[in-house]
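> This is the content of final_15.txt (compact mmCIF, C-alpha atoms):
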```txt
# COMPACT_ATOMS: atom_id res chain seq x y z
CA MET A 1 46.75 -67.37 109.62
CA SER A 2 45.81 -70.03 107.10
CA ASN A 3 42.97 -72.53 107.48
CA ASN A 4 44.87 -75.06 105.41
CA THR A 5 45.30 -78.23 107.47
CA GLU A 6 48.11 -79.58 105.29
CA LYS A 7 51.41 -79.15 107.15
CA TYR A 8 54.39 -77.63 105.42
CA ASN A 9 57.71 -79.43 105.86
CA PHE A 10 59.90 -76.88 107.62
CA GLN A 11 62.65 -79.46 108.20
CA LYS A 12 65.45 -78.98 105.69
CA ASP A 13 67.10 -82.19 104.54
CA VAL A 14 70.59 -81.47 105.87
CA PRO A 15 72.51 -82.99 108.79
CA THR A 16 71.93 -81.24 112.12
CA ILE A 17 75.29 -81.07 113.84
CA TRP A 18 74.43 -79.65 117.25
CA CYS A 19 75.83 -81.59 120.19
CA PRO A 20 73.69 -84.41 121.65
CA GLY A 21 71.58 -83.03 124.47
CA CYS A 22 71.63 -79.43 123.22
CA GLY A 23 68.54 -77.36 123.99
CA LEU A 24 68.50 -76.12 120.40
CA PHE A 25 66.87 -79.29 119.13
CA MET A 26 63.77 -78.62 121.22
CA ILE A 27 63.63 -74.91 120.41
CA LYS A 28 63.84 -75.62 116.69
CA LYS A 29 61.10 -78.26 116.99
CA ALA A 30 58.85 -75.80 118.83
CA MET A 31 59.48 -73.14 116.21
CA MET A 32 58.61 -75.47 113.32
CA ASP A 33 55.45 -76.66 115.08
CA SER A 34 54.43 -73.05 115.76
CA PHE A 35 54.91 -72.06 112.12
CA ASN A 36 52.80 -75.01 111.00
CA GLU A 37 50.02 -74.25 113.45
CA LEU A 38 50.02 -70.67 112.22
CA GLY A 39 49.68 -71.86 108.63
CA TRP A 40 53.03 -70.44 107.51
CA THR A 41 55.08 -71.82 104.60
CA ASN A 42 58.33 -71.00 102.83
CA LYS A 43 56.39 -68.48 100.73
CA ASN A 44 55.88 -66.07 103.63
CA THR A 45 58.51 -66.98 106.23
CA VAL A 46 62.12 -65.89 106.67
CA VAL A 47 64.52 -67.02 109.43
CA VAL A 48 67.59 -64.91 110.16
CA SER A 49 70.42 -66.00 112.45
CA GLY A 50 73.75 -64.64 113.61
CA ILE A 51 76.95 -66.38 114.68
CA GLY A 52 77.28 -69.17 117.24
CA CYS A 53 75.67 -72.56 117.80
CA THR A 54 72.23 -71.06 117.23
CA GLY A 55 73.51 -69.35 114.10
CA ARG A 56 73.55 -72.71 112.36
CA GLY A 57 69.78 -72.84 112.80
CA ALA A 58 68.99 -70.68 109.78
CA GLY A 59 70.35 -73.43 107.56
CA TYR A 60 68.12 -76.08 109.13
CA PHE A 61 64.79 -74.47 108.18
CA ASN A 62 63.29 -75.19 104.77
CA VAL A 63 62.55 -71.51 104.14
CA ASP A 64 64.41 -68.49 102.81
CA SER A 65 67.01 -67.85 105.50
CA LEU A 66 70.13 -65.83 106.15
CA HIS A 67 73.16 -66.67 108.28
CA THR A 68 74.50 -63.18 109.02
CA THR A 69 77.75 -61.89 110.45
CA HIS A 70 78.28 -61.70 114.19
CA GLY A 71 75.69 -59.56 115.96
CA ARG A 72 73.95 -58.40 112.78
CA ALA A 73 70.89 -60.69 112.64
CA ILE A 74 68.45 -58.05 113.89
CA PRO A 75 69.32 -55.23 111.44
CA VAL A 76 69.26 -57.69 108.52
CA ALA A 77 65.84 -58.93 109.66
CA GLU A 78 64.68 -55.34 110.04
CA GLY A 79 65.73 -54.60 106.46
CA ILE A 80 63.83 -57.64 105.16
CA LYS A 81 60.68 -56.60 107.01
CA LEU A 82 60.88 -53.04 105.75
CA ALA A 83 61.38 -54.26 102.18
CA ASN A 84 58.43 -56.67 102.36
CA PRO A 85 56.13 -56.05 105.35
CA LYS A 86 53.98 -59.06 104.41
CA LEU A 87 56.72 -61.51 105.37
CA ASN A 88 56.89 -63.27 108.74
CA VAL A 89 60.43 -62.48 109.87
CA ILE A 90 61.99 -64.41 112.75
CA VAL A 91 65.42 -63.86 114.27
CA PHE A 92 66.86 -67.04 115.79
CA SER A 93 70.10 -66.47 117.66
CA GLY A 94 71.88 -66.80 121.01
CA ASP A 95 72.60 -64.60 123.99
CA GLY A 96 76.23 -64.06 123.01
CA ASP A 97 75.35 -62.93 119.50
CA LEU A 98 72.31 -60.85 120.43
CA PHE A 99 73.57 -59.09 123.56
CA GLY A 100 77.32 -58.94 123.06
CA ILE A 101 78.31 -57.48 119.70
CA GLY A 102 74.61 -57.27 118.72
CA GLY A 103 73.35 -55.47 121.82
CA ASN A 104 73.12 -52.08 120.17
CA HIS A 105 70.86 -53.45 117.43
CA LEU A 106 68.57 -55.11 119.98
CA LEU A 107 68.25 -51.82 121.81
CA HIS A 108 67.33 -49.73 118.77
CA ALA A 109 65.17 -52.25 116.89
CA SER A 110 63.04 -52.59 120.02
CA ARG A 111 62.91 -48.79 120.35
CA ARG A 112 61.78 -48.44 116.73
CA ASN A 113 59.24 -51.21 117.41
CA ILE A 114 59.91 -52.93 114.10
CA ASP A 115 57.46 -55.81 113.55
CA ILE A 116 59.80 -58.80 113.88
CA THR A 117 60.10 -61.55 116.48
CA VAL A 118 63.38 -62.51 118.13
CA VAL A 119 63.77 -66.02 119.57
CA CYS A 120 66.87 -66.23 121.77
CA ASN A 121 68.55 -69.48 122.76
CA SER A 122 69.86 -68.29 126.12
CA ASN A 123 72.38 -70.92 127.22
CA LEU A 124 74.31 -68.32 129.27
CA ILE A 125 77.65 -68.72 127.45
CA TYR A 126 79.41 -68.56 124.09
CA GLY A 127 78.90 -72.25 123.32
CA LEU A 128 80.41 -72.56 119.85
CA THR A 129 83.83 -71.20 120.79
CA GLY A 130 84.38 -73.16 123.98
CA GLY A 131 82.19 -71.80 126.76
CA GLN A 132 83.34 -68.25 127.45
CA MET A 133 81.32 -65.89 129.64
CA SER A 134 78.44 -64.18 127.81
CA PRO A 135 76.45 -61.05 128.73
CA GLU A 136 73.86 -63.36 130.35
CA THR A 137 76.20 -65.52 132.44
CA PRO A 138 74.97 -65.30 136.06
CA LYS A 139 77.37 -63.65 138.45
CA GLY A 140 79.60 -66.21 140.18
CA LEU A 141 79.26 -69.02 137.64
CA LYS A 142 82.48 -70.55 136.35
CA THR A 143 83.15 -70.49 132.62
CA LEU A 144 86.17 -70.97 130.38
CA THR A 145 87.14 -67.31 130.79
CA THR A 146 86.00 -66.91 134.41
CA PRO A 147 87.46 -69.91 136.30
CA ASP A 148 86.86 -68.10 139.61
CA GLY A 149 83.30 -67.16 138.71
CA ALA A 150 81.76 -64.47 136.51
CA PRO A 151 82.49 -61.09 138.15
CA TYR A 152 79.63 -59.11 136.60
CA ASN A 153 75.87 -58.99 136.89
CA PRO A 154 74.14 -60.33 133.75
CA ILE A 155 72.24 -58.09 131.36
CA ARG A 156 68.49 -57.81 132.06
CA VAL A 157 66.81 -57.90 128.67
CA GLN A 158 63.33 -57.67 130.16
CA LYS A 159 64.17 -54.22 131.51
CA ILE A 160 65.51 -53.14 128.12
CA MET A 161 62.27 -54.22 126.45
CA MET A 162 60.14 -52.53 129.11
CA ALA A 163 61.94 -49.24 128.57
CA ASN A 164 59.58 -48.83 125.62
CA LYS A 165 55.94 -47.98 126.19
CA GLN A 166 54.89 -50.75 123.80
CA HIS A 167 56.73 -53.97 124.52
CA PHE A 168 56.44 -57.77 124.43
CA TYR A 169 58.75 -60.00 126.42
CA ALA A 170 58.43 -63.73 127.05
CA ARG A 171 60.63 -66.05 129.08
CA THR A 172 60.23 -69.77 128.51
CA LEU A 173 62.18 -73.01 128.96
CA ALA A 174 63.86 -75.16 126.30
CA SER A 175 62.50 -78.38 127.78
CA ASP A 176 58.88 -77.17 127.63
CA ILE A 177 57.95 -77.27 123.93
CA ASN A 178 54.30 -76.35 124.52
CA HIS A 179 55.23 -73.23 126.48
CA ILE A 180 57.75 -72.20 123.82
CA LYS A 181 55.07 -72.62 121.15
CA ASP A 182 52.57 -70.56 123.11
CA SER A 183 55.16 -67.82 123.62
CA ILE A 184 56.15 -67.75 119.95
CA LYS A 185 52.59 -67.68 118.64
CA LYS A 186 51.69 -64.80 120.95
CA ALA A 187 54.91 -63.02 120.01
CA VAL A 188 54.32 -63.14 116.26
CA ALA A 189 50.74 -61.95 116.78
CA TRP A 190 52.05 -58.90 118.63
CA PRO A 191 51.92 -55.77 116.42
CA GLY A 192 55.53 -54.71 116.84
CA PHE A 193 58.89 -55.89 118.16
CA ALA A 194 58.59 -59.08 120.22
CA TYR A 195 61.28 -60.91 122.14
CA VAL A 196 61.17 -64.53 123.34
CA LYS A 197 63.93 -65.65 125.67
CA VAL A 198 64.30 -69.43 125.88
CA GLU A 199 66.21 -70.52 128.97
CA SER A 200 68.37 -73.23 127.44
CA PHE A 201 71.38 -75.41 128.26
CA CYS A 202 74.75 -76.45 126.86
CA ILE A 203 76.11 -79.62 128.41
CA THR A 204 79.24 -79.80 126.24
CA ASN A 205 80.90 -76.47 127.00
CA PHE A 206 79.12 -75.34 130.14
CA GLY A 207 77.22 -78.07 131.98
CA ARG A 208 80.20 -80.35 132.44
CA LYS A 209 82.25 -77.45 133.83
CA LEU A 210 79.48 -76.99 136.40
CA GLY A 211 79.62 -80.66 137.42
CA TYR A 212 76.68 -82.14 135.47
CA LYS A 213 77.34 -85.65 134.17
CA ASN A 214 74.95 -85.44 131.25
CA ALA A 215 72.31 -83.28 129.58
CA ALA A 216 69.44 -84.94 131.47
CA GLU A 217 70.91 -83.80 134.81
CA MET A 218 71.24 -80.27 133.50
CA VAL A 219 67.66 -80.23 132.15
CA VAL A 220 66.29 -81.32 135.53
CA ALA A 221 68.36 -78.72 137.34
CA ARG A 222 67.25 -75.91 135.03
CA LYS A 223 63.61 -76.91 135.47
CA LYS A 224 63.97 -76.58 139.23
CA GLU A 225 65.20 -72.99 138.84
CA PHE A 226 61.91 -71.69 137.45
CA THR A 227 58.23 -71.30 138.21
CA TYR A 228 55.42 -70.25 135.87
CA GLN A 229 53.78 -66.87 136.35
CA GLU A 230 50.79 -65.57 134.41
CA LYS A 231 49.60 -62.51 136.32
CA GLU A 232 52.63 -60.35 137.02
CA ASN A 233 53.53 -57.27 134.98
CA VAL A 234 57.21 -57.96 135.58
CA LEU A 235 58.82 -61.40 135.69
CA LYS A 236 61.24 -62.13 138.49
CA ARG A 237 64.55 -63.70 137.50
CA THR A 238 63.24 -67.24 138.18
CA GLU A 239 59.78 -66.83 136.61
CA LEU A 240 58.56 -67.97 133.21
CA GLY A 241 55.75 -66.17 131.44
CA ILE A 242 54.83 -63.25 129.20
CA VAL A 243 54.71 -59.53 129.93
CA HIS A 244 53.56 -56.87 127.50
CA SER A 245 52.16 -53.36 127.46
```
Rewrite the structure from the file as structure tokens, please.

Amino acid sequence: MSNNTEKYNFQKDVPTIWCPGCGLFMIKKAMMDSFNELGWTNKNTVVVSGIGCTGRGAGYFNVDSLHTTHGRAIPVAEGIKLANPKLNVIVFSGDGDLFGIGGNHLLHASRRNIDITVVCNSNLIYGLTGGQMSPETPKGLKTLTTPDGAPYNPIRVQKIMMANKQHFYARTLASDINHIKDSIKKAVAWPGFAYVKVESFCITNFGRKLGYKNAAEMVVARKKEFTYQEKENVLKRTELGIVHS
């Protein structure tokens, strides 16, 4: 961590084309603030993303970044870290990209305990392509591809992470920038693979299908789903916090 108080401009001067009300704006803001508070710059920071709404994020950071093919963000990030261990390598992607086609990479990178941090925008659907069911869609919720409700139980990433003796898992909320920042800073300080799940929201291709009139309604509803927990070794489905070995 640097003692330099001068802040680096992590905001790249390009139009940000996410939908109004998207949780990604807040996650990106929290990430940039965290990097600044850690004293990072474009000389030691790399952001890697996959495909989907979150995948656009790599192009919005004023650092070396890669927009990879679908599901391949983690192995690309792993290769970067192995080639230059001094770099701060962050994967920024969504639940569809990371757990669908990319699930195998998540499993094995965590098992190998490679020293990278994954920040997941978990909006519970495939947002970019219209709102199809993702591996994290709660059972029973209606999506574009499950008009009668999702028939399957969602993947439990916390349990995947905890399958390893050394693990770091955080669950936070897109509308709570300070909690996201705290989770990210603790994750990057962790000596190994760290995963930060940000419970997010997509009003355009999910919220309106669920009956929300606007993003504000969806934000309020998502806040009511969760409570903060600081002492448990395992987070319940509706708890926000950090668990590690």
> Give as a list in words each residue that has an atom at most 8 Å from (71.0, -55.7, 115.5) in the file, counting only C-alpha atoms.
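Residues close enough to count: Gly71, Arg72, Ala73, Ile74, Pro75, Val76, Leu98, Gly102, Gly103, Asn104, His105, Leu106, Leu107, His108 and Ala109 of chain A.
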> Determine, for each residue of stretch 176-196 of chain A having at least one atom at most 10 Å from an atom of stretch 24-35 of chain A, the closest pair of atoms and their separation in Å to one decimal, counting only C-alpha atoms; order by chain and ascending number, as CSV.

```
residue,atom,partner,partner_atom,distance
A:Asp176,CA,A:Met26,CA,8.2
A:Ile177,CA,A:Ala30,CA,5.4
A:Asn178,CA,A:Ala30,CA,7.3
A:His179,CA,A:Ala30,CA,8.8
A:Ile180,CA,A:Ala30,CA,6.3
A:Lys181,CA,A:Ser34,CA,5.4
A:Asp182,CA,A:Ser34,CA,8.0
A:Ser183,CA,A:Ser34,CA,9.5
A:Ile184,CA,A:Ser34,CA,7.0
A:Lys185,CA,A:Ser34,CA,6.4
A:Val188,CA,A:Phe35,CA,9.9
```
> Pull the closest atom pair for each residue of stretch 60-159 of chain A that gets at most 12 Å from stretch 193-210 of chain A, along with the distance in Å to one decimal, counting all atoms listed in the file, ordering rows by chain and then ascending residue number, as CSV.

```
residue,atom,partner,partner_atom,distance
A:Ile74,CA,A:Phe193,CA,10.7
A:Ala77,CA,A:Phe193,CA,11.4
A:Glu78,CA,A:Phe193,CA,10.0
A:Lys81,CA,A:Phe193,CA,11.3
A:Val89,CA,A:Phe193,CA,10.7
A:Ile90,CA,A:Ala194,CA,9.8
A:Val91,CA,A:Tyr195,CA,9.4
A:Phe92,CA,A:Val196,CA,9.8
A:Ser93,CA,A:Lys197,CA,10.1
A:Gly94,CA,A:Lys197,CA,9.3
A:Asp95,CA,A:Lys197,CA,8.9
A:Leu98,CA,A:Lys197,CA,11.0
A:Phe99,CA,A:Lys197,CA,11.8
A:Leu106,CA,A:Tyr195,CA,9.6
A:Leu107,CA,A:Phe193,CA,10.8
A:His108,CA,A:Phe193,CA,10.5
A:Ala109,CA,A:Phe193,CA,7.4
A:Ser110,CA,A:Phe193,CA,5.6
A:Arg111,CA,A:Phe193,CA,8.4
A:Arg112,CA,A:Phe193,CA,8.1
A:Asn113,CA,A:Phe193,CA,4.8
A:Ile114,CA,A:Phe193,CA,5.1
A:Asp115,CA,A:Phe193,CA,4.8
A:Ile116,CA,A:Phe193,CA,5.3
A:Thr117,CA,A:Ala194,CA,4.7
A:Val118,CA,A:Tyr195,CA,4.8
A:Val119,CA,A:Val196,CA,4.8
A:Cys120,CA,A:Lys197,CA,4.9
A:Asn121,CA,A:Val198,CA,5.3
A:Ser122,CA,A:Glu199,CA,5.1
A:Asn123,CA,A:Ser200,CA,4.6
A:Leu124,CA,A:Phe201,CA,7.7
A:Ile125,CA,A:Phe206,CA,7.3
A:Tyr126,CA,A:Asn205,CA,8.6
A:Gly127,CA,A:Asn205,CA,5.9
A:Leu128,CA,A:Asn205,CA,8.2
A:Thr129,CA,A:Asn205,CA,8.7
A:Gly130,CA,A:Asn205,CA,5.7
A:Gly131,CA,A:Asn205,CA,4.9
A:Gln132,CA,A:Asn205,CA,8.6
A:Met133,CA,A:Phe206,CA,9.7
A:Ser134,CA,A:Phe206,CA,11.4
A:Glu136,CA,A:Glu199,CA,10.6
A:Thr137,CA,A:Phe206,CA,10.5
A:Gly140,CA,A:Leu210,CA,11.4
A:Leu141,CA,A:Leu210,CA,8.1
A:Lys142,CA,A:Leu210,CA,7.1
A:Thr143,CA,A:Phe206,CA,6.8
A:Leu144,CA,A:Phe206,CA,8.3
A:Thr145,CA,A:Phe206,CA,11.4
A:Thr146,CA,A:Lys209,CA,11.2
A:Pro147,CA,A:Lys209,CA,9.5
A:Asp148,CA,A:Lys209,CA,11.9
A:Gly149,CA,A:Leu210,CA,10.8
A:Arg156,CA,A:Lys197,CA,11.1
A:Val157,CA,A:Lys197,CA,8.8
A:Gln158,CA,A:Tyr195,CA,8.9
A:Lys159,CA,A:Tyr195,CA,11.9
```
> Any idea what the distance is between atom CA of A:Val243 and atom CA of A:Asn36?
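Straight-line distance from atom CA of A:Val243 to atom CA of A:Asn36 works out to 24.5 Å.
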> Between atom CA of A:Ala216 and atom CA of A:Ala174, what distance in Å does the model show, to one decimal?
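Distance between the two atoms: 12.4 Å.
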> By how many Å are atom CA of A:Asp97 and atom CA of A:His70 apart?
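Separation of atom CA of A:Asp97 and atom CA of A:His70: 6.2 Å.
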> Between A:Gly50, A:Pro151, A:Lys186, A:Gly23, which one has atoms that come closest to A:Arg222, using only C-alpha atoms?
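Closest candidate: A:Gly23.
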> I'd like to know which of A:Ala163, A:Lys224, A:Gly96, A:Glu232 is closest to A:Pro135, using all atoms listed in the file.
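Among A:Ala163, A:Lys224, A:Gly96, A:Glu232, it is A:Gly96 that comes nearest to A:Pro135.
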> I'd like to know which of A:Tyr60, A:Met218, A:Trp40, A:Ser65 is closest to A:Lys86, using only C-alpha atoms.
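Distance minimum relative to A:Lys86 lands on A:Trp40.
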> Given only C-alpha atoms as the basis, pick out the residue of A:Gly39, A:Pro154, A:Pro15, A:Gly211 nearest to A:Pro138.
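Of all the options, A:Pro154 lies closest to A:Pro138.
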> Should you be able to, write stretch 76-136 of chain A of this structure into a file that contains C-alpha atoms, as a tab-separated table (two decimals), in the first residue's frame.

```tsv
chain	number	residue	atom	x	y	z
A	76	VAL	CA	-6.69	-15.15	-18.09
A	77	ALA	CA	-6.31	-13.34	-14.76
A	78	GLU	CA	-4.50	-16.37	-13.35
A	79	GLY	CA	-2.04	-16.28	-16.25
A	80	ILE	CA	-1.36	-12.57	-15.70
A	81	LYS	CA	-0.70	-13.13	-12.00
A	82	LEU	CA	1.62	-16.04	-12.66
A	83	ALA	CA	3.54	-14.02	-15.25
A	84	ASN	CA	3.92	-11.01	-12.94
A	85	PRO	CA	3.11	-11.78	-9.28
A	86	LYS	CA	3.66	-8.13	-8.31
A	87	LEU	CA	0.51	-7.01	-10.12
A	88	ASN	CA	-2.83	-6.47	-8.40
A	89	VAL	CA	-5.16	-8.58	-10.53
A	90	ILE	CA	-8.93	-8.15	-10.22
A	91	VAL	CA	-11.60	-10.13	-12.06
A	92	PHE	CA	-14.81	-8.13	-12.54
A	93	SER	CA	-17.64	-10.17	-14.01
A	94	GLY	CA	-21.20	-11.40	-13.49
A	95	ASP	CA	-22.90	-14.51	-12.16
A	96	GLY	CA	-23.79	-15.78	-15.62
A	97	ASP	CA	-20.24	-15.49	-16.91
A	98	LEU	CA	-18.51	-16.75	-13.76
A	99	PHE	CA	-20.77	-19.66	-12.81
A	100	GLY	CA	-22.26	-20.77	-16.12
A	101	ILE	CA	-19.63	-21.37	-18.79
A	102	GLY	CA	-16.92	-20.17	-16.37
A	103	GLY	CA	-17.85	-22.35	-13.41
A	104	ASN	CA	-15.08	-24.87	-13.96
A	105	HIS	CA	-12.43	-22.13	-13.85
A	106	LEU	CA	-13.87	-20.71	-10.62
A	107	LEU	CA	-13.70	-24.14	-9.05
A	108	HIS	CA	-10.08	-24.85	-9.95
A	109	ALA	CA	-8.61	-21.37	-9.49
A	110	SER	CA	-10.00	-21.36	-5.96
A	111	ARG	CA	-8.62	-24.86	-5.40
A	112	ARG	CA	-5.17	-23.77	-6.60
A	113	ASN	CA	-5.53	-20.70	-4.34
A	114	ILE	CA	-4.10	-18.34	-6.95
A	115	ASP	CA	-3.63	-14.85	-5.51
A	116	ILE	CA	-6.32	-12.93	-7.40
A	117	THR	CA	-9.57	-11.30	-6.30
A	118	VAL	CA	-12.90	-11.91	-8.04
A	119	VAL	CA	-15.64	-9.27	-7.75
A	120	CYS	CA	-18.97	-10.65	-8.97
A	121	ASN	CA	-21.92	-8.50	-9.97
A	122	SER	CA	-24.62	-10.98	-8.96
A	123	ASN	CA	-27.83	-9.67	-10.52
A	124	LEU	CA	-29.29	-13.22	-10.69
A	125	ILE	CA	-29.79	-13.30	-14.48
A	126	TYR	CA	-28.11	-12.97	-17.86
A	127	GLY	CA	-28.81	-9.24	-18.17
A	128	LEU	CA	-27.11	-8.37	-21.45
A	129	THR	CA	-29.00	-10.91	-23.56
A	130	GLY	CA	-32.49	-10.24	-22.25
A	131	GLY	CA	-32.88	-11.66	-18.76
A	132	GLN	CA	-32.51	-15.43	-19.03
A	133	MET	CA	-32.14	-17.63	-15.94
A	134	SER	CA	-28.58	-17.77	-14.59
A	135	PRO	CA	-26.95	-20.29	-12.22
A	136	GLU	CA	-27.80	-17.91	-9.34
```
